[in-house]
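One file, model-v1.csv, carrying CSV, C-alpha atoms:
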```
chain,number,residue,atom,x,y,z
K,7,MET,CA,9.9,-30.9,11.4
K,8,LEU,CA,6.7,-32.4,12.9
K,9,GLY,CA,4.7,-29.5,11.5
K,10,SER,CA,6.0,-30.2,8.0
K,11,LEU,CA,5.2,-33.9,8.3
K,12,LEU,CA,1.6,-33.0,9.3
K,13,LEU,CA,1.2,-30.6,6.5
K,14,GLY,CA,2.4,-33.3,4.1
K,15,ALA,CA,0.0,-35.8,5.6
K,16,SER,CA,-2.9,-33.4,5.1
K,17,ARG,CA,-2.8,-34.4,1.4
K,18,LEU,CA,-2.5,-38.2,1.8
K,19,PRO,CA,-5.7,-40.1,1.4
K,20,LEU,CA,-4.5,-43.1,3.5
K,21,VAL,CA,-3.6,-40.8,6.5
K,22,ARG,CA,-6.9,-39.0,6.0
K,23,GLY,CA,-8.8,-42.3,6.3
K,24,ALA,CA,-6.9,-43.3,9.4
K,25,VAL,CA,-7.3,-40.1,11.2
K,26,SER,CA,-11.0,-39.7,10.2
K,27,GLY,CA,-11.7,-43.2,11.3
K,28,VAL,CA,-10.6,-42.7,14.9
K,29,PRO,CA,-13.8,-42.1,16.9
K,30,LEU,CA,-12.1,-39.8,19.4
K,31,THR,CA,-10.8,-37.5,16.6
K,32,ARG,CA,-14.3,-36.0,16.6
K,33,LYS,CA,-13.7,-34.8,20.2
K,34,VAL,CA,-10.7,-32.8,19.0
K,35,VAL,CA,-12.3,-31.6,15.8
K,36,ASP,CA,-15.2,-30.1,17.8
K,37,ARG,CA,-12.7,-27.8,19.4
K,38,PHE,CA,-11.7,-26.3,16.1
K,39,VAL,CA,-14.8,-26.7,13.9
K,40,ALA,CA,-18.3,-25.3,14.7
K,41,GLY,CA,-20.3,-28.2,13.6
K,42,GLU,CA,-21.2,-29.7,10.2
K,43,THR,CA,-24.4,-27.9,9.4
K,44,PRO,CA,-25.3,-24.3,8.8
K,45,GLY,CA,-27.6,-24.5,11.8
K,46,GLU,CA,-24.7,-25.6,14.1
K,47,ALA,CA,-22.5,-22.8,12.7
K,48,VAL,CA,-25.2,-20.2,13.3
K,49,GLU,CA,-25.6,-21.3,16.9
K,50,ALA,CA,-21.8,-21.0,17.4
K,51,ILE,CA,-21.8,-17.6,15.7
K,52,ARG,CA,-24.7,-16.4,17.9
K,53,GLY,CA,-22.8,-17.3,21.0
K,54,LEU,CA,-19.7,-15.5,19.8
K,55,ALA,CA,-21.6,-12.4,18.8
K,56,ALA,CA,-23.3,-12.3,22.2
K,57,THR,CA,-19.9,-11.7,23.8
K,58,GLY,CA,-19.0,-8.9,21.4
K,59,LEU,CA,-17.0,-10.8,18.9
K,60,ALA,CA,-17.2,-10.5,15.1
K,61,VAL,CA,-17.0,-13.6,12.8
K,62,THR,CA,-15.8,-14.7,9.5
K,63,VAL,CA,-17.2,-18.1,8.4
K,64,ASP,CA,-15.6,-20.8,6.3
K,65,HIS,CA,-17.6,-23.6,4.7
K,66,LEU,CA,-14.9,-26.2,4.8
K,67,GLY,CA,-13.7,-27.8,1.6
K,68,GLU,CA,-10.9,-27.2,-1.0
K,69,GLU,CA,-9.5,-28.4,-4.3
K,70,THR,CA,-12.9,-29.2,-5.7
K,71,ARG,CA,-12.5,-31.2,-8.9
K,72,ASP,CA,-16.1,-31.2,-10.1
K,73,SER,CA,-18.1,-28.2,-11.4
K,74,ALA,CA,-21.3,-29.4,-9.7
K,75,ALA,CA,-19.5,-29.6,-6.4
K,76,ALA,CA,-18.1,-26.1,-6.8
K,77,ALA,CA,-21.6,-24.8,-7.5
K,78,GLN,CA,-22.9,-26.7,-4.5
K,79,THR,CA,-20.3,-25.0,-2.3
K,80,ALA,CA,-21.3,-21.6,-3.6
K,81,GLY,CA,-24.9,-22.4,-2.9
K,82,ALA,CA,-23.9,-23.4,0.7
K,83,TYR,CA,-22.4,-20.0,1.2
K,84,VAL,CA,-25.5,-18.3,-0.2
K,85,THR,CA,-27.7,-20.3,2.3
K,86,LEU,CA,-25.3,-19.5,5.1
K,87,LEU,CA,-25.4,-15.7,4.3
K,88,GLY,CA,-29.2,-15.8,4.3
K,89,ALA,CA,-29.1,-17.3,7.8
K,90,LEU,CA,-26.5,-14.7,9.0
K,91,SER,CA,-28.7,-11.9,7.8
K,92,GLY,CA,-31.3,-12.9,10.3
K,93,LEU,CA,-28.8,-12.3,13.1
K,94,GLY,CA,-28.5,-8.6,12.3
K,95,LEU,CA,-24.7,-8.6,12.6
K,96,GLY,CA,-24.1,-6.5,9.5
K,97,ASP,CA,-20.4,-6.2,8.7
K,98,ARG,CA,-19.6,-7.9,12.0
K,99,ALA,CA,-20.2,-11.0,10.0
K,100,GLU,CA,-18.4,-12.1,6.8
K,101,VAL,CA,-17.5,-15.3,5.0
K,102,SER,CA,-14.1,-16.6,4.0
K,103,VAL,CA,-13.9,-18.4,0.6
K,104,LYS,CA,-11.3,-20.7,-0.8
K,105,LEU,CA,-11.4,-20.3,-4.5
K,106,SER,CA,-10.3,-23.9,-5.0
K,107,ALA,CA,-13.5,-24.9,-3.3
K,108,VAL,CA,-15.6,-23.0,-5.9
K,109,GLY,CA,-13.9,-24.0,-9.1
K,110,GLN,CA,-10.3,-22.6,-9.3
K,111,ALA,CA,-8.8,-26.1,-9.7
K,112,LEU,CA,-11.1,-27.1,-12.6
K,113,GLY,CA,-8.5,-26.9,-15.4
K,114,ALA,CA,-8.5,-24.3,-18.1
K,115,ASP,CA,-11.9,-22.9,-17.2
K,116,GLY,CA,-11.3,-23.0,-13.4
K,117,ASP,CA,-10.6,-19.3,-12.9
K,118,LYS,CA,-13.7,-18.4,-14.8
K,119,ILE,CA,-15.9,-20.8,-12.9
K,120,ALA,CA,-14.4,-19.7,-9.6
K,121,LEU,CA,-15.1,-16.0,-10.4
K,122,GLU,CA,-18.7,-16.7,-11.4
K,123,ASN,CA,-19.3,-18.6,-8.1
K,124,ALA,CA,-17.5,-16.0,-6.1
K,125,ARG,CA,-19.7,-13.3,-7.6
K,126,GLN,CA,-22.7,-15.2,-6.5
K,127,ILE,CA,-21.4,-15.3,-3.0
K,128,CYS,CA,-20.5,-11.6,-3.0
K,129,GLU,CA,-24.0,-10.7,-4.2
K,130,ALA,CA,-25.5,-12.7,-1.4
K,131,ALA,CA,-23.1,-11.0,1.0
K,132,VAL,CA,-24.2,-7.6,-0.1
K,133,ALA,CA,-27.8,-8.5,0.3
K,134,SER,CA,-27.2,-9.6,3.9
K,135,GLY,CA,-24.9,-6.6,4.8
K,136,ALA,CA,-21.9,-8.9,5.2
K,137,ASN,CA,-18.5,-9.0,3.5
K,138,VAL,CA,-16.4,-11.6,1.7
K,139,THR,CA,-12.7,-12.4,2.1
K,140,LEU,CA,-10.8,-14.7,-0.2
K,141,ASP,CA,-8.6,-17.1,1.6
K,142,MET,CA,-5.1,-17.7,0.2
K,143,GLU,CA,-4.0,-21.2,-0.5
K,144,ASP,CA,-0.7,-22.7,-1.7
K,145,HIS,CA,1.8,-20.5,-3.7
K,146,THR,CA,0.7,-21.9,-7.1
K,147,THR,CA,-2.7,-20.2,-6.7
K,148,VAL,CA,-1.6,-16.7,-5.6
K,149,ASP,CA,-1.6,-15.0,-8.9
K,150,SER,CA,-4.9,-16.5,-9.9
K,151,THR,CA,-6.5,-15.5,-6.5
K,152,LEU,CA,-5.2,-11.9,-6.8
K,153,GLU,CA,-6.5,-11.6,-10.4
K,154,THR,CA,-9.9,-12.8,-9.2
K,155,LEU,CA,-9.8,-10.3,-6.4
K,156,ARG,CA,-9.2,-7.5,-8.8
K,157,ALA,CA,-12.2,-8.6,-10.9
K,158,LEU,CA,-14.4,-8.9,-7.8
K,159,ARG,CA,-13.4,-5.5,-6.4
K,160,GLU,CA,-14.7,-3.8,-9.6
K,161,ASP,CA,-18.3,-4.5,-8.4
K,162,PHE,CA,-17.6,-5.5,-4.7
K,163,PRO,CA,-14.9,-3.2,-3.5
K,164,ALA,CA,-15.1,-4.4,0.1
K,165,THR,CA,-13.9,-7.9,-0.9
K,166,GLY,CA,-10.9,-8.8,1.3
K,167,VAL,CA,-8.0,-11.1,0.7
K,168,ALA,CA,-5.5,-13.0,2.8
K,169,VAL,CA,-1.7,-12.6,2.4
K,170,GLN,CA,0.7,-15.2,3.8
K,171,SER,CA,3.9,-13.7,5.3
K,172,TYR,CA,6.0,-16.9,4.8
K,173,LEU,CA,6.0,-16.4,1.0
K,174,PHE,CA,8.9,-14.3,-0.3
K,175,ARG,CA,6.6,-12.4,-2.6
K,176,SER,CA,4.2,-11.2,0.1
K,177,VAL,CA,6.1,-8.0,1.0
K,178,ALA,CA,5.6,-6.8,-2.6
K,179,ASP,CA,2.0,-8.0,-2.6
K,180,CYS,CA,1.3,-6.1,0.6
K,181,ARG,CA,2.7,-2.9,-1.0
K,182,ASP,CA,0.4,-3.4,-4.0
K,183,LEU,CA,-2.7,-4.0,-1.7
K,184,ALA,CA,-2.2,-1.3,0.9
K,185,TYR,CA,-4.5,1.2,-0.8
K,186,GLU,CA,-7.7,3.0,0.3
K,187,GLY,CA,-10.5,0.7,1.1
K,188,SER,CA,-8.4,-2.5,0.6
K,189,ARG,CA,-9.1,-5.1,3.3
K,190,VAL,CA,-6.1,-7.4,3.8
K,191,ARG,CA,-5.9,-10.3,6.3
K,192,LEU,CA,-2.3,-11.0,7.2
K,193,VAL,CA,-1.5,-14.6,8.2
K,194,LYS,CA,1.7,-16.5,8.6
K,195,GLY,CA,0.8,-19.3,6.2
K,196,ALA,CA,-0.3,-22.9,6.7
K,197,TYR,CA,0.7,-24.9,3.7
K,198,ALA,CA,3.9,-27.0,3.0
K,199,GLU,CA,5.8,-24.7,0.7
K,200,PRO,CA,9.2,-25.3,-0.9
K,201,ALA,CA,12.3,-23.4,0.2
K,202,SER,CA,12.4,-21.8,-3.2
K,203,VAL,CA,9.3,-19.7,-2.5
K,204,ALA,CA,8.8,-19.5,1.2
K,205,HIS,CA,10.7,-19.0,4.5
K,206,GLN,CA,11.1,-22.3,6.3
K,207,HIS,CA,11.9,-21.3,9.9
K,208,LYS,CA,9.6,-19.8,12.4
K,209,ASN,CA,11.8,-16.8,13.2
K,210,GLU,CA,12.1,-15.9,9.5
K,211,VAL,CA,8.3,-16.2,9.1
K,212,ASP,CA,7.8,-13.9,12.1
K,213,LYS,CA,10.2,-11.3,10.8
K,214,ALA,CA,8.5,-11.4,7.4
K,215,TYR,CA,5.2,-11.0,9.2
K,216,VAL,CA,6.4,-7.8,10.9
K,217,ARG,CA,7.7,-6.5,7.6
K,218,CYS,CA,4.3,-7.1,5.9
K,219,LEU,CA,2.5,-5.7,9.0
K,220,ARG,CA,4.5,-2.5,8.9
K,221,ILE,CA,3.5,-1.9,5.2
K,222,LEU,CA,-0.2,-2.6,5.9
K,223,MET,CA,-0.3,-0.4,9.0
K,224,SER,CA,1.4,2.5,7.3
K,225,GLY,CA,-0.7,2.2,4.2
K,226,ALA,CA,-4.2,3.4,3.4
K,227,GLY,CA,-6.0,0.1,3.6
K,228,TYR,CA,-7.7,-1.8,6.4
K,229,PRO,CA,-5.3,-4.4,8.0
K,230,MET,CA,-6.8,-7.6,9.5
K,231,VAL,CA,-4.1,-8.9,11.8
K,232,ALA,CA,-4.5,-12.6,12.1
K,233,THR,CA,-2.4,-13.8,14.9
K,234,HIS,CA,-2.5,-15.5,18.4
K,235,ASP,CA,1.1,-14.4,19.2
K,236,ASP,CA,1.3,-11.9,22.0
K,237,ARG,CA,4.6,-10.4,20.6
K,238,LEU,CA,2.9,-9.7,17.3
K,239,ILE,CA,-0.1,-8.2,19.0
K,240,ALA,CA,2.2,-5.9,20.9
K,241,ILE,CA,4.0,-4.9,17.7
K,242,THR,CA,0.7,-4.2,16.1
K,243,GLU,CA,-0.2,-1.8,18.9
K,244,THR,CA,3.2,-0.1,18.6
K,245,LEU,CA,2.6,0.4,14.9
K,246,ALA,CA,-0.9,1.6,15.4
K,247,ASP,CA,0.4,4.4,17.7
K,248,ARG,CA,3.2,5.2,15.2
K,249,PHE,CA,0.9,5.5,12.3
K,250,ALA,CA,-2.0,7.1,14.2
K,251,ARG,CA,-4.4,4.3,13.6
K,252,SER,CA,-7.5,4.2,15.8
K,253,ARG,CA,-8.9,0.9,17.0
K,254,GLY,CA,-11.6,1.2,14.2
K,255,ASP,CA,-8.9,1.3,11.6
K,256,TYR,CA,-7.7,-2.3,11.9
K,257,GLU,CA,-8.8,-5.5,13.5
K,258,TYR,CA,-7.5,-8.7,15.0
K,259,GLN,CA,-8.5,-12.1,13.7
K,260,MET,CA,-8.2,-15.4,15.6
K,261,LEU,CA,-9.3,-19.0,15.0
K,262,TYR,CA,-12.3,-20.6,16.6
K,263,GLY,CA,-11.3,-22.6,19.6
K,264,ILE,CA,-7.9,-21.0,20.1
K,265,ARG,CA,-7.1,-18.5,22.8
K,266,ALA,CA,-10.7,-17.6,23.5
K,267,ASP,CA,-9.5,-15.7,26.6
K,268,LYS,CA,-7.3,-13.4,24.5
K,269,GLN,CA,-10.1,-12.8,22.1
K,270,GLN,CA,-12.3,-11.6,24.9
K,271,ALA,CA,-9.5,-9.5,26.4
K,272,LEU,CA,-8.9,-7.7,23.2
K,273,ALA,CA,-12.6,-7.2,22.5
K,274,GLY,CA,-13.0,-5.9,26.1
K,275,ALA,CA,-10.3,-3.3,25.4
K,276,GLY,CA,-12.3,-1.9,22.5
K,277,HIS,CA,-10.7,-3.8,19.6
K,278,THR,CA,-12.6,-5.4,16.8
K,279,VAL,CA,-11.8,-9.1,17.1
K,280,ARG,CA,-13.1,-11.4,14.4
K,281,VAL,CA,-13.2,-15.2,15.0
K,282,TYR,CA,-12.5,-17.5,12.0
K,283,VAL,CA,-15.4,-20.0,12.3
K,284,PRO,CA,-15.1,-23.1,10.1
K,285,TYR,CA,-18.0,-25.6,9.7
K,286,GLY,CA,-18.8,-28.5,7.5
K,287,ASP,CA,-18.0,-32.2,7.1
K,288,ASP,CA,-14.9,-31.8,4.9
K,289,TRP,CA,-12.8,-30.8,7.9
K,290,TYR,CA,-9.7,-33.0,7.5
K,291,GLY,CA,-7.3,-30.6,5.7
K,292,TYR,CA,-8.2,-27.7,8.0
K,293,PHE,CA,-7.8,-29.9,11.1
K,294,MET,CA,-4.4,-31.1,10.1
K,295,ARG,CA,-3.1,-27.5,9.4
K,296,ARG,CA,-4.3,-26.5,12.9
K,297,LEU,CA,-2.3,-29.4,14.4
K,298,ALA,CA,0.8,-28.4,12.4
K,299,GLU,CA,0.7,-24.8,13.5
K,300,ARG,CA,1.1,-25.2,17.3
K,301,PRO,CA,2.6,-28.0,19.4
K,302,ALA,CA,-0.1,-27.4,22.0
K,303,ASN,CA,-2.7,-28.5,19.5
K,304,ILE,CA,-0.9,-31.7,18.9
K,305,ALA,CA,-0.7,-32.4,22.6
K,306,PHE,CA,-4.4,-31.7,23.0
K,307,PHE,CA,-5.1,-34.3,20.2
K,308,LEU,CA,-2.9,-36.9,21.8
K,309,ARG,CA,-4.4,-36.4,25.2
K,310,ALA,CA,-7.9,-36.9,23.7
K,311,LEU,CA,-6.8,-40.1,21.9
K,312,GLY,CA,-5.5,-41.3,25.3
K,313,GLY,CA,-8.8,-40.6,26.9
K,314,LYS,CA,-7.3,-38.0,29.2
```

Here is a file; write its structure as structure tokens.
Amino acid sequence: MLGSLLLGASRLPLVRGAVSGVPLTRKVVDRFVAGETPGEAVEAIRGLAATGLAVTVDHLGEETRDSAAAAQTAGAYVTLLGALSGLGLGDRAEVSVKLSAVGQALGADGDKIALENARQICEAAVASGANVTLDMEDHTTVDSTLETLRALREDFPATGVAVQSYLFRSVADCRDLAYEGSRVRLVKGAYAEPASVAHQHKNEVDKAYVRCLRILMSGAGYPMVATHDDRLIAITETLADRFARSRGDYEYQMLYGIRADKQQALAGAGHTVRVYVPYGDDWYGYFMRRLAERPANIAFFLRALGGK
């Protein structure tokens, strides 16, 4: 219930202003967000790479309602990819792109604008040796995002996409996407979705996650298993053995600032572990979803506000 309230609050301007205006909020945001500038993000990435971790970087922002702002976001990704190329990480670095941040929400021409901006980002990624993964947003954007993915993969076949297990449709989407060379990030989902399209209870979401995971691990694509859950990690390993997947045939993904010890343990065991690194000043929506996901994050926030 609290998680649902926080997800709802993530879209309310009054709550945004109240939360953003609390000075100590920044202390908590710094746990989940790697700074506001490309330079700060690169420093965080450098530190993660030095410990053997891969990264996927998100320039924070979503639901852009202005074409100039969408182009500016695309330009920020191009600048970031130029900086990443200097680190020599190759495909250990990628960027994660929300299509709503690059024009998807701009009315009748939104899909076209988003595709053009995403192409620009993909071209910069190829030049730097990195990859691009499309983040998935609320259920109303799934078809549009998958259509953009198909268009991008014609020229940039390594483009990845996220699939959210809590949506009823995701089992079928995973079947469609589990083909040779297809990079798919499996997440639980972090938006407030209606009961008509999505599972509402944690155990149902977890079961759906395992169903999707089984399809991806048994398929011909490249699963990117985004979870901090020890049970789901154990199930992943069981499925990897069952379907004869080596540790280079799938990877784990975890969020910046969450379970760093587990990230290091998996990387030390020979797994590819990719850390989702967000940066930028438009952090509010991302921050609220992180609070909604785990009670421990809420407790951390309240302790910080209390000065403890």

Could you give me, as JSON lines, every segment 171-270 of chain K residue with an atom at most 10 Å from segment 132-154 of chain K, plus its closest atom pair and distance in Å to one decimal, counting only C-alpha atoms, rows ordered by chain then number?
```
{"residue": "K:Leu173", "atom": "CA", "partner": "K:His145", "partner_atom": "CA", "distance": 7.5}
{"residue": "K:Arg175", "atom": "CA", "partner": "K:His145", "partner_atom": "CA", "distance": 9.5}
{"residue": "K:Ser176", "atom": "CA", "partner": "K:Val148", "partner_atom": "CA", "distance": 9.8}
{"residue": "K:Asp179", "atom": "CA", "partner": "K:Leu152", "partner_atom": "CA", "distance": 9.2}
{"residue": "K:Leu183", "atom": "CA", "partner": "K:Leu152", "partner_atom": "CA", "distance": 9.7}
{"residue": "K:Arg189", "atom": "CA", "partner": "K:Thr139", "partner_atom": "CA", "distance": 8.2}
{"residue": "K:Val190", "atom": "CA", "partner": "K:Thr139", "partner_atom": "CA", "distance": 8.5}
{"residue": "K:Arg191", "atom": "CA", "partner": "K:Thr139", "partner_atom": "CA", "distance": 8.3}
{"residue": "K:Val193", "atom": "CA", "partner": "K:Met142", "partner_atom": "CA", "distance": 9.3}
{"residue": "K:Gly195", "atom": "CA", "partner": "K:Glu143", "partner_atom": "CA", "distance": 8.5}
{"residue": "K:Ala196", "atom": "CA", "partner": "K:Glu143", "partner_atom": "CA", "distance": 8.3}
{"residue": "K:Tyr197", "atom": "CA", "partner": "K:Asp144", "partner_atom": "CA", "distance": 6.0}
{"residue": "K:Ala198", "atom": "CA", "partner": "K:Asp144", "partner_atom": "CA", "distance": 7.9}
{"residue": "K:Glu199", "atom": "CA", "partner": "K:Asp144", "partner_atom": "CA", "distance": 7.2}
{"residue": "K:Pro200", "atom": "CA", "partner": "K:His145", "partner_atom": "CA", "distance": 9.3}
{"residue": "K:Val203", "atom": "CA", "partner": "K:His145", "partner_atom": "CA", "distance": 7.6}
{"residue": "K:Ala204", "atom": "CA", "partner": "K:His145", "partner_atom": "CA", "distance": 8.6}
```

Within 12 Å of segment 95-97 of chain K, counting all atoms listed in the file, which residues qualify if same-chain residues fewer than 2 places away don't, as an mmCIF file with C-alpha atoms, keeping the file's coordinate frame?
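Output contents, as saved in around.cif:
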```
data_model
loop_
_atom_site.group_PDB
_atom_site.id
_atom_site.type_symbol
_atom_site.label_atom_id
_atom_site.label_comp_id
_atom_site.auth_asym_id
_atom_site.auth_seq_id
_atom_site.Cartn_x
_atom_site.Cartn_y
_atom_site.Cartn_z
ATOM 1 C CA VAL K 48 -25.200 -20.200 13.300
ATOM 2 C CA ILE K 51 -21.800 -17.600 15.700
ATOM 3 C CA ARG K 52 -24.700 -16.400 17.900
ATOM 4 C CA LEU K 54 -19.700 -15.500 19.800
ATOM 5 C CA ALA K 55 -21.600 -12.400 18.800
ATOM 6 C CA ALA K 56 -23.300 -12.300 22.200
ATOM 7 C CA GLY K 58 -19.000 -8.900 21.400
ATOM 8 C CA LEU K 59 -17.000 -10.800 18.900
ATOM 9 C CA ALA K 60 -17.200 -10.500 15.100
ATOM 10 C CA VAL K 61 -17.000 -13.600 12.800
ATOM 11 C CA THR K 62 -15.800 -14.700 9.500
ATOM 12 C CA LEU K 87 -25.400 -15.700 4.300
ATOM 13 C CA GLY K 88 -29.200 -15.800 4.300
ATOM 14 C CA ALA K 89 -29.100 -17.300 7.800
ATOM 15 C CA LEU K 90 -26.500 -14.700 9.000
ATOM 16 C CA SER K 91 -28.700 -11.900 7.800
ATOM 17 C CA GLY K 92 -31.300 -12.900 10.300
ATOM 18 C CA LEU K 93 -28.800 -12.300 13.100
ATOM 19 C CA ALA K 99 -20.200 -11.000 10.000
ATOM 20 C CA GLU K 100 -18.400 -12.100 6.800
ATOM 21 C CA VAL K 101 -17.500 -15.300 5.000
ATOM 22 C CA ALA K 131 -23.100 -11.000 1.000
ATOM 23 C CA VAL K 132 -24.200 -7.600 -0.100
ATOM 24 C CA ALA K 133 -27.800 -8.500 0.300
ATOM 25 C CA SER K 134 -27.200 -9.600 3.900
ATOM 26 C CA GLY K 135 -24.900 -6.600 4.800
ATOM 27 C CA ALA K 136 -21.900 -8.900 5.200
ATOM 28 C CA ASN K 137 -18.500 -9.000 3.500
ATOM 29 C CA VAL K 138 -16.400 -11.600 1.700
ATOM 30 C CA THR K 139 -12.700 -12.400 2.100
ATOM 31 C CA ALA K 164 -15.100 -4.400 0.100
ATOM 32 C CA THR K 165 -13.900 -7.900 -0.900
ATOM 33 C CA THR K 278 -12.600 -5.400 16.800
ATOM 34 C CA ARG K 280 -13.100 -11.400 14.400
#
```

Task: Of the listed residues K:Phe293, K:Ala201, K:Val281, K:Val211, that which approaches Ser102 of chain K most closely, counting only C-alpha atoms - done: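 Of the candidates, the smallest distance to Ser102 of chain K is held by K:Val281.
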
Task: Å distance separating atom CA of Leu105 of chain K from atom CA of Asn209 of chain K, one decimal place - done: 29.4 Å

Open item on the list: Could you list, as a list of chain:residue names, every residue within 12 Å of Ala275 of chain K, counting all atoms listed in the file and ignoring same-chain residues fewer than 4 positions away?
Closed with: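 The residues satisfying every condition are K:Gly58, K:Leu59, K:Arg253, K:Lys268, K:Gln269, K:Gln270, K:Ala271, K:Val279.
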
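By chain and then residue number, the residues within 12 Å of Lys213 of chain K are Ser171, Tyr172, Leu173, Phe174, Val177, Lys194, His205, Gln206, His207, Leu219, Arg220, Arg237, Leu238 and Ile241 of chain K, counting all atoms listed in the file and disregarding those fewer than 6 positions away in sequence.
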
- [ ] Select, counting all atoms listed in the file, all protein, DNA and RNA residues no farther than 12 Å from (-23.6, -28.8, 10.2) in file coordinates, and express the selection as a VMD selection string.
- [x] chain K and resid 36 39 to 50 64 to 66 82 86 284 to 289

Output of the above residues as a compact mmCIF listing (two decimals), in the coordinates of the input, restricted to C-alpha atoms:
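File written: part_22.txt
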```txt
# COMPACT_ATOMS: atom_id res chain seq x y z
CA ASP K 36 -15.20 -30.10 17.80
CA VAL K 39 -14.80 -26.70 13.90
CA ALA K 40 -18.30 -25.30 14.70
CA GLY K 41 -20.30 -28.20 13.60
CA GLU K 42 -21.20 -29.70 10.20
CA THR K 43 -24.40 -27.90 9.40
CA PRO K 44 -25.30 -24.30 8.80
CA GLY K 45 -27.60 -24.50 11.80
CA GLU K 46 -24.70 -25.60 14.10
CA ALA K 47 -22.50 -22.80 12.70
CA VAL K 48 -25.20 -20.20 13.30
CA GLU K 49 -25.60 -21.30 16.90
CA ALA K 50 -21.80 -21.00 17.40
CA ASP K 64 -15.60 -20.80 6.30
CA HIS K 65 -17.60 -23.60 4.70
CA LEU K 66 -14.90 -26.20 4.80
CA ALA K 82 -23.90 -23.40 0.70
CA LEU K 86 -25.30 -19.50 5.10
CA PRO K 284 -15.10 -23.10 10.10
CA TYR K 285 -18.00 -25.60 9.70
CA GLY K 286 -18.80 -28.50 7.50
CA ASP K 287 -18.00 -32.20 7.10
CA ASP K 288 -14.90 -31.80 4.90
CA TRP K 289 -12.80 -30.80 7.90
```

Task: Nearby residues (only C-alpha atoms) at most 8 Å from Asp72 of chain K, same-chain spacing under 4 positions excluded, as number ranges by chain - done: K: 76, 109, 112

TODO: Please indicate the distance in Å from atom CA of Arg37 of chain K to atom CA of Ala214 of chain K, rounded to one decimal place.
DONE: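 Value for the atom CA of Arg37 of chain K-atom CA of Ala214 of chain K distance: 29.4 Å.
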
TODO: Have a look at atom CA of Ala120 of chain K and atom CA of Ala107 of chain K and let me know their distance in Å, one decimal.
DONE: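 Between these atoms lies a distance of 8.2 Å.
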
Open item on the list: List as a ChimeraX atom specification the protein and nucleic acid residues near segment 242-247 of chain K, meaning an atom at most 12 Å away when all atoms listed in the file are counted, but skip any in the same chain fewer than 6 places from it.
Closed with: /K:192,215-225,228-236,253-258,272,277

Taking all listed atoms of segment 240-244 of chain K, build the axis-aligned box, pad each of the six sides by 3 Å, then write its centre and edge lengths in Å to one decimal as JSON.
```
{"center_x": 1.9, "center_y": -3.0, "center_z": 18.5, "size_x": 10.2, "size_y": 11.8, "size_z": 10.8}
```

Task: Nearest to Gly263 of chain K, chosen from K:Val283, K:Ala178, K:Ala240, K:Ala157, with only C-alpha atoms counted in the distances - done: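 So, comparing all the options, the nearest one is K:Val283.
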